[in-house]
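Novice: So I've got this file, protein-v3.txt, and it contains compact mmCIF, C-alpha atoms:
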# COMPACT_ATOMS: atom_id res chain seq x y z
CA MET L 1 42.88 15.74 26.81
CA ALA L 2 43.45 12.37 28.49
CA PHE L 3 46.22 11.71 30.99
CA HIS L 4 47.52 8.43 32.35
CA LEU L 5 48.03 9.30 36.01
CA SER L 6 49.99 7.59 38.71
CA PRO L 7 48.39 6.45 41.98
CA SER L 8 50.29 9.11 43.89
CA ALA L 9 48.86 11.77 41.61
CA LEU L 10 45.35 10.51 42.22
CA VAL L 11 45.74 10.48 45.98
CA SER L 12 46.94 14.08 45.90
CA LEU L 13 44.18 15.39 43.66
CA PRO L 14 43.32 18.98 44.53
CA PRO L 15 40.04 19.52 46.46
CA THR L 16 38.48 21.38 43.53
CA ARG L 17 38.23 20.65 39.84
CA PRO L 18 41.79 20.64 38.46
CA THR L 19 42.78 23.60 36.30
CA THR L 20 44.79 23.13 33.12
CA ASP L 21 48.00 23.83 35.07
CA ASP L 22 47.02 21.37 37.81
CA VAL L 23 46.35 18.63 35.27
CA ALA L 24 49.61 19.31 33.48
CA GLN L 25 51.46 18.97 36.78
CA LEU L 26 49.62 15.75 37.63
CA ALA L 27 50.26 14.33 34.17
CA ALA L 28 53.99 14.83 34.66
CA ASP L 29 53.88 12.21 37.40
CA ARG L 30 53.11 9.17 35.29
CA LEU L 31 53.72 5.51 35.74
CA ALA L 32 56.44 3.90 33.64
CA ALA L 33 55.39 3.06 30.10
CA ALA L 34 52.97 0.11 29.90
CA ASP L 35 52.40 0.12 33.66
CA GLU L 36 48.78 0.08 34.83
CA PRO L 37 47.27 2.30 37.54
CA ASP L 38 47.32 0.55 40.88
CA SER L 39 43.85 -0.95 41.34
CA THR L 40 43.80 -0.79 45.13
CA THR L 41 44.84 2.85 45.14
CA LEU L 42 42.14 3.77 42.63
CA LEU L 43 39.38 1.90 44.43
CA THR L 44 40.23 3.31 47.85
CA TRP L 45 40.62 6.83 46.40
CA ALA L 46 37.06 6.81 45.09
CA ASP L 47 34.03 7.76 47.15
CA VAL L 48 31.80 6.20 44.48
CA ILE L 49 32.83 3.30 42.25
CA LEU L 50 30.44 3.38 39.31
CA PHE L 51 30.26 0.22 37.18
CA ASN L 52 28.73 0.68 33.73
CA HIS L 53 27.10 -2.67 32.89
CA SER L 54 25.80 -3.20 29.36
CA GLY L 55 24.93 -6.83 30.03
CA GLY L 56 27.73 -7.98 27.73
CA LYS L 57 30.71 -10.19 28.41
CA ASP L 58 33.23 -7.38 28.99
CA SER L 59 31.00 -5.66 31.53
CA GLN L 60 30.40 -8.97 33.27
CA ALA L 61 34.11 -9.79 33.45
CA MET L 62 34.86 -6.28 34.73
CA LEU L 63 32.23 -6.59 37.45
CA SER L 64 33.55 -9.95 38.60
CA HIS L 65 37.18 -8.84 38.52
CA LEU L 66 36.70 -5.52 40.29
CA PHE L 67 34.32 -6.95 42.87
CA SER L 68 37.16 -9.23 43.98
CA LEU L 69 39.56 -6.28 44.15
CA ALA L 70 37.04 -4.09 45.98
CA SER L 71 36.38 -6.87 48.47
CA ALA L 72 40.07 -7.12 49.24
CA ALA L 73 40.25 -3.34 49.62
CA GLN L 74 37.09 -3.36 51.79
CA VAL L 75 35.28 -0.78 49.62
CA VAL L 76 32.42 -2.89 48.23
CA ASP L 77 29.91 -0.55 49.86
CA ARG L 78 31.06 2.20 47.48
CA ILE L 79 30.02 0.30 44.36
CA VAL L 80 27.01 1.28 42.26
CA VAL L 81 26.15 -0.70 39.11
CA VAL L 82 24.36 1.24 36.36
CA HIS L 83 22.69 -0.08 33.22
CA CYS L 84 21.78 2.29 30.39
CA ASP L 85 18.51 0.89 29.06
CA LEU L 86 18.37 1.43 25.30
CA GLY L 87 14.78 0.28 24.92
CA ASP L 88 13.53 -2.38 22.56
CA VAL L 89 16.67 -2.26 20.41
CA GLU L 90 18.41 -4.12 23.24
CA TRP L 91 18.41 -7.90 23.26
CA LYS L 92 15.59 -9.27 25.34
CA GLY L 93 16.57 -9.88 28.96
CA THR L 94 19.70 -7.73 28.88
CA ARG L 95 18.68 -5.39 31.69
CA GLU L 96 17.43 -8.31 33.78
CA LEU L 97 20.74 -10.14 33.34
CA ALA L 98 22.77 -7.10 34.42
CA GLU L 99 20.50 -6.68 37.45
CA ALA L 100 20.80 -10.35 38.39
CA GLN L 101 24.59 -10.20 38.23
CA ALA L 102 24.66 -7.10 40.45
CA ALA L 103 22.29 -8.84 42.88
CA ALA L 104 24.54 -11.89 43.00
CA TYR L 105 27.21 -9.65 44.51
CA GLY L 106 24.76 -7.75 46.70
CA LEU L 107 25.38 -4.47 44.87
CA ARG L 108 23.19 -1.43 44.38
CA PHE L 109 21.73 -1.42 40.87
CA GLU L 110 20.47 1.60 38.93
CA VAL L 111 18.79 1.82 35.52
CA VAL L 112 18.89 5.02 33.48
CA SER L 113 17.27 5.78 30.14
CA ARG L 114 16.59 8.69 27.83
CA ALA L 115 13.33 10.36 28.84
CA GLN L 116 12.75 11.65 25.30
CA GLY L 117 12.59 8.13 23.90
CA ASP L 118 14.71 5.17 22.84
CA LEU L 119 17.15 5.01 19.95
CA ILE L 120 14.44 4.51 17.31
CA GLN L 121 12.68 7.67 18.46
CA GLN L 122 15.98 9.52 18.65
CA ILE L 123 16.76 8.71 15.01
CA LYS L 124 13.33 10.00 13.98
CA ASP L 125 13.83 13.17 16.03
CA ARG L 126 17.25 13.74 14.50
CA HIS L 127 15.77 13.27 11.03
CA HIS L 128 13.13 15.93 11.75
CA THR L 129 15.73 18.33 13.16
CA LEU L 130 18.00 17.97 10.13
CA ARG L 131 15.14 18.49 7.68
CA ALA L 132 13.89 21.52 9.62
CA LYS L 133 17.33 23.04 9.04
CA GLY L 134 17.10 22.27 5.34
CA ASP L 135 19.76 19.56 5.59
CA THR L 136 18.82 16.68 3.30
CA THR L 137 22.30 15.15 2.96
CA THR L 138 23.31 14.30 6.54
CA PRO L 139 22.08 10.80 7.48
CA ALA L 140 19.97 10.59 10.62
CA TRP L 141 21.56 7.27 11.55
CA PRO L 142 24.39 7.11 14.08
CA SER L 143 27.81 6.26 12.65
CA SER L 144 31.40 5.87 13.73
CA GLN L 145 31.82 9.59 12.97
CA ALA L 146 28.56 10.60 14.68
CA ARG L 147 28.03 8.38 17.71
CA TYR L 148 25.33 10.56 19.15
CA CYS L 149 23.59 7.44 20.38
CA THR L 150 26.40 6.86 22.90
CA SER L 151 26.38 10.42 24.18
CA ALA L 152 22.59 10.70 24.43
CA GLN L 153 21.55 7.17 25.38
CA LYS L 154 24.46 6.33 27.68
CA ARG L 155 26.87 9.06 28.78
CA GLY L 156 24.16 11.71 28.93
CA GLN L 157 22.00 9.51 31.17
CA VAL L 158 24.77 8.50 33.58
CA ARG L 159 25.68 12.08 34.46
CA PRO L 160 22.35 12.84 36.17
CA LEU L 161 22.90 9.66 38.19
CA MET L 162 26.30 11.04 39.21
CA THR L 163 24.51 14.19 40.40
CA ARG L 164 22.12 12.12 42.55
CA LEU L 165 24.99 10.09 43.99
CA VAL L 166 26.86 13.26 44.88
CA ASP L 167 23.74 14.69 46.51
CA ASP L 168 23.62 11.62 48.75
CA PHE L 169 26.80 12.87 50.43
CA GLY L 170 25.11 16.15 51.35
CA GLY L 171 28.38 18.07 51.28
CA ARG L 172 29.67 16.32 54.38
CA LEU L 173 33.04 15.48 52.80
CA GLY L 174 34.04 19.12 52.59
CA ARG L 175 35.47 18.54 49.11
CA PRO L 176 34.27 17.34 45.69
CA VAL L 177 33.02 13.76 45.69
CA ARG L 178 35.45 11.44 43.91
CA ILE L 179 33.81 9.20 41.30
CA LEU L 180 35.64 6.37 39.56
CA ASN L 181 33.63 5.63 36.42
CA CYS L 182 34.52 2.08 35.35
CA MET L 183 33.91 0.91 31.78
CA GLY L 184 34.65 -2.41 30.08
CA MET L 185 36.24 -1.15 26.85
CA ARG L 186 39.18 -3.20 25.57
CA ALA L 187 41.98 -2.16 23.22
CA GLU L 188 41.64 -5.13 20.89
CA GLU L 189 38.00 -4.29 20.08
CA SER L 190 38.79 -1.44 17.67
CA PRO L 191 41.54 0.99 16.62
CA ALA L 192 39.67 3.81 18.36
CA ARG L 193 39.49 1.94 21.65
CA LYS L 194 43.14 0.95 21.35
CA LYS L 195 44.02 4.65 21.48
CA ARG L 196 42.17 5.16 24.75
CA THR L 197 44.18 5.50 27.96
CA MET L 198 43.32 3.32 30.93
CA LEU L 199 42.72 6.28 33.20
CA GLU L 200 41.65 9.78 32.31
CA LEU L 201 40.05 12.80 33.89
CA ASP L 202 36.51 13.33 32.59
CA GLN L 203 36.52 17.10 32.41
CA GLY L 204 32.97 17.22 31.03
CA ALA L 205 31.55 15.26 33.97
CA SER L 206 33.68 16.94 36.65
CA ASN L 207 32.61 20.16 38.35
CA GLY L 208 32.87 21.95 41.67
CA LYS L 209 30.97 19.18 43.42
CA ARG L 210 32.60 16.10 41.90
CA THR L 211 35.82 14.90 40.32
CA VAL L 212 35.27 12.10 37.82
CA TYR L 213 37.88 9.77 36.42
CA THR L 214 37.11 7.20 33.74
CA TRP L 215 38.92 3.90 34.25
CA LEU L 216 39.16 1.07 31.73
CA PRO L 217 40.40 -1.78 33.94
CA LEU L 218 40.16 -4.38 31.15
CA HIS L 219 41.76 -2.21 28.47
CA ALA L 220 44.73 -4.54 28.00
CA TRP L 221 42.75 -7.77 28.35
CA THR L 222 42.25 -10.27 25.55
CA VAL L 223 38.92 -11.89 24.79
CA LYS L 224 40.31 -15.11 26.24
CA GLN L 225 40.98 -13.35 29.56
CA VAL L 226 37.40 -12.05 29.54
CA TRP L 227 35.93 -15.52 29.13
CA SER L 228 38.32 -16.93 31.72
CA GLU L 229 37.07 -14.38 34.25
CA ILE L 230 33.45 -15.21 33.46
CA ALA L 231 34.24 -18.88 33.96
CA ARG L 232 35.86 -18.07 37.29
CA SER L 233 32.86 -16.05 38.40
CA GLY L 234 30.42 -18.91 37.84
CA LEU L 235 27.63 -16.50 36.81
CA PRO L 236 25.54 -16.95 33.63
CA TYR L 237 26.36 -14.84 30.59
CA SER L 238 24.04 -13.51 27.90
CA PRO L 239 22.63 -16.29 25.69
CA VAL L 240 23.11 -14.21 22.54
CA TYR L 241 26.77 -15.28 22.48
CA ASP L 242 25.79 -18.94 22.14
CA TRP L 243 23.45 -17.96 19.31
CA GLY L 244 26.58 -16.75 17.52
CA MET L 245 26.73 -13.01 18.20
CA SER L 246 30.29 -11.79 18.70
CA ARG L 247 29.32 -8.67 20.68
CA LEU L 248 26.37 -7.49 22.72
CA SER L 249 25.08 -4.02 22.06
CA CYS L 250 22.01 -2.80 20.24
CA SER L 251 20.49 -5.64 18.25
CA PHE L 252 21.18 -3.57 15.16
CA CYS L 253 24.22 -1.49 16.05
CA VAL L 254 25.65 0.50 13.15
CA LEU L 255 29.13 -0.55 14.29
CA ALA L 256 28.31 -4.27 14.32
CA SER L 257 29.84 -6.67 11.81
CA GLU L 258 27.79 -7.76 8.82
CA GLY L 259 27.66 -11.28 10.23
CA ASP L 260 26.22 -10.05 13.52
CA LEU L 261 23.68 -7.88 11.72
CA GLU L 262 22.51 -10.75 9.53
CA LEU L 263 22.13 -13.03 12.53
CA ALA L 264 20.23 -10.31 14.41
CA ALA L 265 17.84 -10.02 11.47
CA ARG L 266 17.26 -13.77 11.61
CA LEU L 267 16.68 -13.76 15.36
CA ARG L 268 14.57 -10.59 15.46
CA PRO L 269 12.72 -10.38 12.12
CA GLU L 270 10.00 -8.06 13.47
CA LYS L 271 12.59 -5.57 14.73
CA ALA L 272 14.49 -5.91 11.45
CA ALA L 273 11.31 -5.04 9.56
CA GLU L 274 10.87 -1.99 11.80
CA MET L 275 14.41 -0.93 10.97
CA VAL L 276 13.67 -1.28 7.25
CA ASP L 277 10.64 0.97 7.67
CA LEU L 278 12.79 3.47 9.56
CA GLU L 279 15.40 3.38 6.80
CA GLN L 280 12.73 4.27 4.25
CA TYR L 281 11.33 6.95 6.54
CA VAL L 282 14.63 8.83 6.95
CA GLY L 283 15.68 8.31 3.34
CA HIS L 284 19.25 7.14 4.01
CA ASP L 285 20.90 3.74 4.21
CA PHE L 286 21.47 2.23 7.66
CA LYS L 287 25.19 2.02 6.88
CA LYS L 288 27.07 3.50 3.96
CA ASN L 289 26.66 1.12 1.02
CA LEU L 290 24.82 -1.35 3.25
CA PRO L 291 21.09 -0.74 3.68
CA ILE L 292 19.30 -2.68 6.38
CA ALA L 293 17.01 -3.95 3.61
CA GLU L 294 20.00 -5.81 2.15
CA ILE L 295 20.80 -7.28 5.57
CA VAL L 296 17.23 -8.54 5.80
CA ARG L 297 17.44 -10.01 2.28
CA ARG L 298 20.56 -11.97 3.25
CA ALA L 299 18.93 -13.12 6.49
CA GLU L 300 15.85 -14.37 4.65
CA ALA L 301 18.05 -16.17 2.14
CA ALA L 302 19.95 -17.87 4.97
CA ASP L 303 16.69 -18.96 6.61
CA ALA L 304 15.43 -20.33 3.31
CA ALA L 305 18.63 -22.30 2.71
CA GLN L 306 19.40 -23.44 6.27
CA GLY L 307 16.15 -23.15 8.17
CA PRO L 308 15.68 -20.90 11.24
CA ALA L 309 18.78 -19.98 13.23
CA VAL L 310 19.45 -22.44 16.05
CA ARG L 311 21.11 -21.67 19.35
CA HIS L 312 24.31 -23.63 19.91
CA PRO L 313 24.65 -25.62 23.14
CA ARG L 314 25.18 -23.57 26.26
CA GLY L 315 28.85 -22.78 26.75
CA THR L 316 29.72 -22.85 23.02
CA ALA L 317 30.97 -19.26 22.96
CA MET L 318 33.07 -19.79 26.07
CA ALA L 319 34.53 -23.11 24.89
CA ALA L 320 35.73 -21.47 21.67
CA GLN L 321 37.98 -19.22 23.76
CA ILE L 322 39.06 -21.22 26.82
CA GLY L 323 38.46 -24.83 25.83
CA GLU L 324 35.89 -27.49 26.60
CA ALA L 325 37.37 -28.73 29.90
CA ARG L 326 37.23 -25.36 31.66
CA THR L 327 33.84 -24.65 30.13
CA LEU L 328 32.45 -27.94 31.40
CA ASP L 329 33.68 -27.10 34.89
CA TYR L 330 31.93 -23.71 34.62
CA LEU L 331 28.69 -25.29 33.44
CA LEU L 332 28.74 -27.81 36.26
CA ARG L 333 29.21 -25.06 38.85
CA LEU L 334 26.51 -23.02 37.17
CA ALA L 335 24.09 -25.92 37.35
CA ALA L 336 24.90 -26.49 41.03
As structure tokens, what does this structure read like?

Specialist:
Amino acid sequence: MAFHLSPSALVSLPPTRPTTDDVAQLAADRLAAADEPDSTTLLTWADVILFNHSGGKDSQAMLSHLFSLASAAQVVDRIVVVHCDLGDVEWKGTRELAEAQAAAYGLRFEVVSRAQGDLIQQIKDRHHTLRAKGDTTTPAWPSSQARYCTSAQKRGQVRPLMTRLVDDFGGRLGRPVRILNCMGMRAEESPARKKRTMLELDQGASNGKRTVYTWLPLHAWTVKQVWSEIARSGLPYSPVYDWGMSRLSCSFCVLASEGDLELAARLRPEKAAEMVDLEQYVGHDFKKNLPIAEIVRRAEAADAAQGPAVRHPRGTAMAAQIGEARTLDYLLRLAA
């Protein structure tokens, strides 16, 4: 269960993992409807401020925004930036971009990944597991109903990092280490994300040694606000947006729009071909009623009719949201 807690509730968190009764009591002390948790209170409450950085625009805007707030609160030294490396399904240079942005702020940067293999291997493993159980109907692909890729490739890899960060304290606090797990999810991205609360206790990640709260500081932000923050930061953003991608995730995310998938197939034909082979191997369509083979067919038809996909001028994605004048100012500062 998720609770939207007030700053005063956070400050008075019990020294051990909250029980159901404790959480119910804390939840009773909420902010007024539509109010946001106080950023300064949250940042100073935390012993570790963990920034999840996918390399995408929302993560970048969150990093820029919260770095400013953490600087004002004098808690920058508590920040750790983590990137969950998804392997070759990621866009080229994504990890390097996230690392460069963390370095620009002088922040500690960590990379975590699934030791048992990347997403392609995970899909194959899931296929074998299902067949071993005699299940021939459940697709091995991730879906909106079965987002095992998120739990295994991301959330499951961040928790061991939390353990290492807690170990760094060596028990000297005399209480559970407080971790503020910051994520760049926004309400306008999907109905599911709209239902998320800005602040919630992560009961699965919390234990006797740590208390973990998940915070979505950009939850109420619009895409225009995101691009405005990136422009303010003056740091480069992922080039895939100027190629025309609307979101940055796996190159071939099952939750991506058809337009993004077709463009990804045009930009990464070798990886698209690998996905087609995987689709044939597991015996189920990539998405319900939309096989990756059909995506590739559309991509090849677009290339035949229009020629290879061409990257738009740098700043195109930003200008579409905040205008050419502000984008030009950003590009000039970036060049300098």

Novice: Could you make a table, as CSV, of the residues of region 39-114 of chain L that have an atom within 12 Å of an atom of region 258-276 of chain L, each with its nearest atom pair and distance in Å to one decimal, counting only C-alpha atoms, in chain and number order?

Specialist:
residue,atom,partner,partner_atom,distance
L:Gly87,CA,L:Lys271,CA,12.0
L:Asp88,CA,L:Lys271,CA,8.5
L:Val89,CA,L:Lys271,CA,7.7
L:Glu90,CA,L:Lys271,CA,10.4
L:Trp91,CA,L:Arg268,CA,9.1
L:Lys92,CA,L:Arg268,CA,10.0

Novice: Given all atoms listed in the file as the basis, pick out the residue of L:Tyr330, L:Tyr105, L:Leu180, L:His219 nearest to Thr41 (chain L).

Specialist: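 Answer, going by the shortest atom-to-atom distance: L:Leu180.
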
Novice: For Asp85 (chain L), which residue among L:Ile123, L:Ser233, L:Val177, L:Ser249 is the nearest when counting only C-alpha atoms?

Specialist: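 Ranked by minimum distance to Asp85 (chain L), first place goes to L:Ser249.
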
Novice: Could you pull the residues within 10 Å of Asp329 (chain L), counting only C-alpha atoms, minus those fewer than 5 positions along the same chain, as a list of chain:residue names?

Specialist: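 Non-adjacent residues within range: L:Ala231, L:Arg232, L:Gly234, L:Glu324, L:Leu334, L:Ala335.
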
Novice: May I ask for the distance between CA of Arg326 (chain L) and CA of Gly244 (chain L), given in Å to one decimal place?

Specialist: 19.7 Å

Novice: From (19.5, 9.1, 31.2), in the file's coordinates, out to 6 Å: which residues are reached, counting only C-alpha atoms? Answer as a VMD selection string.

Specialist: chain L and resid 112 to 114 156 to 158

Novice: Could you tell me how far CA of Thr40 (chain L) sits from CA of Arg175 (chain L), in Å to one decimal place?

Specialist: 21.4 Å

Novice: Measure the distance from CA of Arg196 (chain L) to CA of Asp58 (chain L) in Å and round it to one decimal.

Specialist: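 These atoms are spaced 16.0 Å apart.
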
Novice: Taking all atoms listed in the file into account, which of L:Leu161, L:Leu201, L:Ala192, L:Val223 comes nearest Ala320 (chain L)?

Specialist: L:Val223

Novice: Measuring between only C-alpha atoms, which one of L:Arg210, L:Leu43, L:Gln116, L:Ala132 shows the shortest distance to Phe169 (chain L)?

Specialist: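 Using only C-alpha atoms, Phe169 (chain L) sits closest to L:Arg210.
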
Novice: Write out as JSON, numbers by chain the residues lying within 9 Å of Lys287 (chain L), counting only C-alpha atoms and excluding same-chain residues fewer than 2 positions away.

Specialist: {"L": [141, 142, 143, 254, 255, 284, 285, 289, 290, 291, 292]}

Novice: I need the residue nearest Gly93 (chain L) from this list: L:Pro191, L:Pro239, L:Gly170, L:Gly106. Use all atoms listed in the file for the distance.

Specialist: L:Pro239

Novice: From the set L:Thr136, L:Asn181, L:Ser39, L:Ser257, which residue has the shortest atom-to-atom contact distance to Val82 (chain L), counting only C-alpha atoms?

Specialist: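 Checking each of L:Thr136, L:Asn181, L:Ser39, L:Ser257 against Val82 (chain L), counting only C-alpha atoms, the winner is L:Asn181.
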
Novice: Can you list, as a short mmCIF file (atom, residue, chain, number, x, y, z; two decimals) with C-alpha atoms, keeping the file's coordinate frame, every protein, DNA or RNA residue that comes within 9 Å of Leu97 (chain L) when you count all atoms listed in the file, leaving out same-chain residues fewer than 3 positions away?

Specialist:
data_model
loop_
_atom_site.label_atom_id
_atom_site.label_comp_id
_atom_site.auth_asym_id
_atom_site.auth_seq_id
_atom_site.Cartn_x
_atom_site.Cartn_y
_atom_site.Cartn_z
CA GLY L 55 24.93 -6.83 30.03
CA GLY L 93 16.57 -9.88 28.96
CA THR L 94 19.70 -7.73 28.88
CA ALA L 100 20.80 -10.35 38.39
CA GLN L 101 24.59 -10.20 38.23
CA ALA L 102 24.66 -7.10 40.45
CA PRO L 236 25.54 -16.95 33.63
CA TYR L 237 26.36 -14.84 30.59
CA SER L 238 24.04 -13.51 27.90
#

Novice: Can you find the residues with an atom no farther than 9 Å from (26.5, -27.7, 26.8), counting only C-alpha atoms, and report them as a list in words?

Specialist: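 Neighbouring residues, ordered by chain and number, come to His312, Pro313, Arg314, Gly315, Thr316, Thr327, Leu328 and Leu331 of chain L.
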
Novice: Output the selection as a PDB file, in the frame of the given file - C-alpha atoms for each residue.

Specialist:
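What ended up in selection.pdb:
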ATOM      1  CA  HIS L 312      24.310 -23.630  19.910  1.00  0.00           C
ATOM      2  CA  PRO L 313      24.650 -25.620  23.140  1.00  0.00           C
ATOM      3  CA  ARG L 314      25.180 -23.570  26.260  1.00  0.00           C
ATOM      4  CA  GLY L 315      28.850 -22.780  26.750  1.00  0.00           C
ATOM      5  CA  THR L 316      29.720 -22.850  23.020  1.00  0.00           C
ATOM      6  CA  THR L 327      33.840 -24.650  30.130  1.00  0.00           C
ATOM      7  CA  LEU L 328      32.450 -27.940  31.400  1.00  0.00           C
ATOM      8  CA  LEU L 331      28.690 -25.290  33.440  1.00  0.00           C
TER       9      LEU L 331
END
